[in-house]
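This report refers to the structure that appears directly beneath it.
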Amino acid sequence: WLGATCGAIGGIALIALGAVHSLWAVYALFAFSGLAGFGGPAGQLLTQVPLAKWFVANRGRAIAIATSGMALGTVLTVPTTQWLVQAVGWRGTTVIFGIVVAGVVVPVSTLFMRRSPEDLGLHPDGAESAQAVMDAAGSQTRAALLSTTRDWTVREALHTPAMWLMLAALTLQGVVLMGTLVYRVDFWQSKGMAPSLVGFGTALDPLCVVFSILGF
């Protein structure tokens with residue numbers, strides 16, 4: 001339900017963005033779309049967190065494949081976006097993407113997404129038992145360290161130094177990364193680069209991620 005709700009919020013915000021004519025409305029829609037959590041670290045909630053519950057012994061490989069899929073989607077979306085903007089304008093493009101986001105994320109999340117294998121009477125990695133998961137992980141100690149069976153309450157998480165350290169690190173990363181991502185296109189265009197070349201250069205970033213993440 002979290003994924004379906006986020007898909008609806010993101011889709012509605014994009015569709016509405018195509019009809020705005022004032023700056024305050026743009027700010028309001030971006031704030032509203034932020035509730036969906038698709039941007040920045042929060043976007044991992046709908047991808048990497050479920051994978052961490054479904055895989056223990058093969059967690060690294062599973063997350064790498066999922067992350068490469070996200071990056072590959074960006075590679076394909078960047079030139080598509082540039083083509084659509086030239087064909088139907090940026091307003092029409094946001095409407096099209098809004099329909100696609102809501103039309104894909106909402107039904108997929110509702111029909112196929114499940115919080116954990118235990119909800120279906122299964123075990124991580126397709127194992128026949130919890131013990132088999134531990135054996136596949138290599139040792140009892142390693143399996144215990146990788147286990148995600150404990151459900152932390154918000155109050156418990158707020159009292160852990162690890163959560164605040166990760167939050168601080170991701171916040172600093174976002175300050176640097178998002179500013180670069182937002183302004184690099186305008187910077188390249190100010191240098192006289194053609195829109196097609198800007199699109200190609202932007203797509204090279206996630207393309208490198210596709211190949212590097214599998215190695216890491």
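Ordering of the structure tokens sets the chain letters (A, B, ...); residue numbers start at 1 within each chain; ligands are numbered from 1 in the order shown.
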Compile the contact shell of Phe187 in chain A as a list in words: residues with an atom at most 10 Å away, counting only C-alpha atoms, same-chain residues fewer than 6 positions apart removed.
Thr180, Met193 and Val198 of chain A
Dump as a PDB file, in the first residue's frame, selection limited to all heavy atoms:
```pdb
ATOM      1  N   THR A 180      24.002  19.362  -7.998  1.00  0.00           N
ATOM      2  CA  THR A 180      24.724  19.044  -9.238  1.00  0.00           C
ATOM      3  C   THR A 180      23.773  18.551 -10.312  1.00  0.00           C
ATOM      4  O   THR A 180      23.844  18.966 -11.476  1.00  0.00           O
ATOM      5  CB  THR A 180      25.801  17.981  -8.964  1.00  0.00           C
ATOM      6  OG1 THR A 180      26.683  18.449  -7.955  1.00  0.00           O
ATOM      7  CG2 THR A 180      26.590  17.673 -10.236  1.00  0.00           C
ATOM      8  N   MET A 193      26.199  23.786 -25.528  1.00  0.00           N
ATOM      9  CA  MET A 193      26.037  22.383 -25.914  1.00  0.00           C
ATOM     10  C   MET A 193      24.628  22.142 -26.444  1.00  0.00           C
ATOM     11  O   MET A 193      23.650  22.683 -25.929  1.00  0.00           O
ATOM     12  CB  MET A 193      26.310  21.467 -24.717  1.00  0.00           C
ATOM     13  CG  MET A 193      27.750  21.509 -24.239  1.00  0.00           C
ATOM     14  SD  MET A 193      28.028  20.532 -22.737  1.00  0.00           S
ATOM     15  CE  MET A 193      27.581  18.895 -23.329  1.00  0.00           C
ATOM     16  N   VAL A 198      23.532  17.218 -24.444  1.00  0.00           N
ATOM     17  CA  VAL A 198      23.259  17.319 -23.013  1.00  0.00           C
ATOM     18  C   VAL A 198      22.540  16.060 -22.529  1.00  0.00           C
ATOM     19  O   VAL A 198      22.861  15.508 -21.468  1.00  0.00           O
ATOM     20  CB  VAL A 198      22.406  18.568 -22.705  1.00  0.00           C
ATOM     21  CG1 VAL A 198      21.970  18.565 -21.248  1.00  0.00           C
ATOM     22  CG2 VAL A 198      23.193  19.829 -23.014  1.00  0.00           C
TER      23      VAL A 198
END
```
Leaving out range 99-104 of chain A and any residue of its chain fewer than 5 positions from it, which residues lie within 6 Å of it when counting only C-alpha atoms, given as a ChimeraX atom specification?
/A:7-8,11
In Å, with one decimal, what is the gap from CA of Ala19 in chain A to CA of Leu46 in chain A?
28.3 Å
Selection: 7 Å around Val75 in chain A, only C-alpha atoms, excl. self and same-chain fewer than 2 positions, as a short mmCIF file (atom, residue, chain, number, x, y, z; two decimals) with all heavy atoms, in the first residue's frame:
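Contents of result.cif, freshly written:
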```cif
data_model
loop_
_atom_site.label_atom_id
_atom_site.label_comp_id
_atom_site.auth_asym_id
_atom_site.auth_seq_id
_atom_site.Cartn_x
_atom_site.Cartn_y
_atom_site.Cartn_z
N ALA A 71 19.07 2.33 -12.54
CA ALA A 71 19.97 3.15 -13.34
C ALA A 71 19.69 3.00 -14.84
O ALA A 71 19.70 3.98 -15.59
CB ALA A 71 21.42 2.78 -13.04
N LEU A 72 19.43 1.76 -15.27
CA LEU A 72 19.14 1.53 -16.68
C LEU A 72 17.86 2.24 -17.09
O LEU A 72 17.76 2.79 -18.20
CB LEU A 72 19.02 0.03 -16.95
CG LEU A 72 18.79 -0.39 -18.41
CD1 LEU A 72 19.94 0.09 -19.28
CD2 LEU A 72 18.62 -1.90 -18.52
N GLY A 73 16.89 2.27 -16.19
CA GLY A 73 15.66 3.00 -16.48
C GLY A 73 15.93 4.48 -16.69
O GLY A 73 15.34 5.11 -17.58
N THR A 77 15.23 6.79 -19.90
CA THR A 77 14.28 7.88 -19.71
C THR A 77 14.83 9.23 -20.14
O THR A 77 14.08 10.07 -20.67
CB THR A 77 13.85 7.96 -18.23
OG1 THR A 77 13.29 6.70 -17.83
CG2 THR A 77 12.81 9.05 -18.02
N VAL A 78 16.13 9.45 -19.94
CA VAL A 78 16.71 10.76 -20.26
C VAL A 78 16.54 11.12 -21.75
O VAL A 78 15.99 12.18 -22.08
CB VAL A 78 18.20 10.81 -19.85
CG1 VAL A 78 18.87 12.04 -20.45
CG2 VAL A 78 18.33 10.84 -18.34
N ALA A 203 22.79 10.94 -19.58
CA ALA A 203 22.54 9.49 -19.55
C ALA A 203 23.80 8.69 -19.25
O ALA A 203 23.72 7.55 -18.78
CB ALA A 203 21.95 9.05 -20.89
N PRO A 206 24.06 7.50 -15.17
CA PRO A 206 23.48 6.23 -14.72
C PRO A 206 23.98 5.03 -15.50
O PRO A 206 23.96 3.91 -14.98
CB PRO A 206 21.97 6.45 -14.91
CG PRO A 206 21.88 7.52 -15.95
CD PRO A 206 23.05 8.41 -15.72
N LEU A 207 24.44 5.24 -16.76
CA LEU A 207 24.96 4.12 -17.52
C LEU A 207 26.20 3.53 -16.84
O LEU A 207 26.39 2.32 -16.81
CB LEU A 207 25.30 4.57 -18.95
CG LEU A 207 25.82 3.48 -19.89
CD1 LEU A 207 24.77 2.39 -20.08
CD2 LEU A 207 26.21 4.06 -21.24
#
```
Non-local contacts of Asp151 in chain A (12 Å; only C-alpha atoms; under 5 positions in same chain excluded) as JSON, numbers by chain:
{"A": [53, 115, 116, 156, 157]}
What does the file look like for those residues with N, CA, C and O atoms, as a JSON list (two decimals), in the first residue's frame?
```json
[["chain", "number", "residue", "atom", "x", "y", "z"],
["A", 53, "LYS", "N", 14.61, -7.90, 2.88],
["A", 53, "LYS", "CA", 13.78, -8.86, 3.61],
["A", 53, "LYS", "C", 13.63, -10.18, 2.85],
["A", 53, "LYS", "O", 13.47, -11.24, 3.45],
["A", 115, "ARG", "N", 5.52, -7.30, 1.57],
["A", 115, "ARG", "CA", 6.48, -6.74, 2.52],
["A", 115, "ARG", "C", 7.63, -7.69, 2.80],
["A", 115, "ARG", "O", 8.79, -7.30, 2.83],
["A", 116, "SER", "N", 7.34, -8.97, 3.03],
["A", 116, "SER", "CA", 8.39, -9.94, 3.36],
["A", 116, "SER", "C", 7.91, -11.33, 2.99],
["A", 116, "SER", "O", 6.70, -11.57, 2.85],
["A", 156, "GLU", "N", 12.39, 3.26, 18.95],
["A", 156, "GLU", "CA", 13.64, 2.53, 19.09],
["A", 156, "GLU", "C", 14.68, 3.04, 18.10],
["A", 156, "GLU", "O", 15.85, 3.23, 18.44],
["A", 157, "ALA", "N", 14.25, 3.26, 16.86],
["A", 157, "ALA", "CA", 15.19, 3.72, 15.83],
["A", 157, "ALA", "C", 15.75, 5.10, 16.16],
["A", 157, "ALA", "O", 16.93, 5.38, 15.93]]
```
Pairwise distance for CA of Ala13 in chain A and CA of Leu35 in chain A, rounded to one decimal in Å
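Going from CA of Ala13 in chain A over to CA of Leu35 in chain A, I get 10.2 Å.
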Among range 50-162 of chain A, which ones does DSSP assign to alpha helix (DSSP H) (computed from the backbone)? Answer as a ChimeraX atom specification.
/A:50-54,59-112,130-137,140-146,154-158,161-162
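The closest residue to Ala16 in chain A, picked from A:Ala57, A:Ala31, A:Leu2, A:Val95 and counting only C-alpha atoms, is A:Val95.
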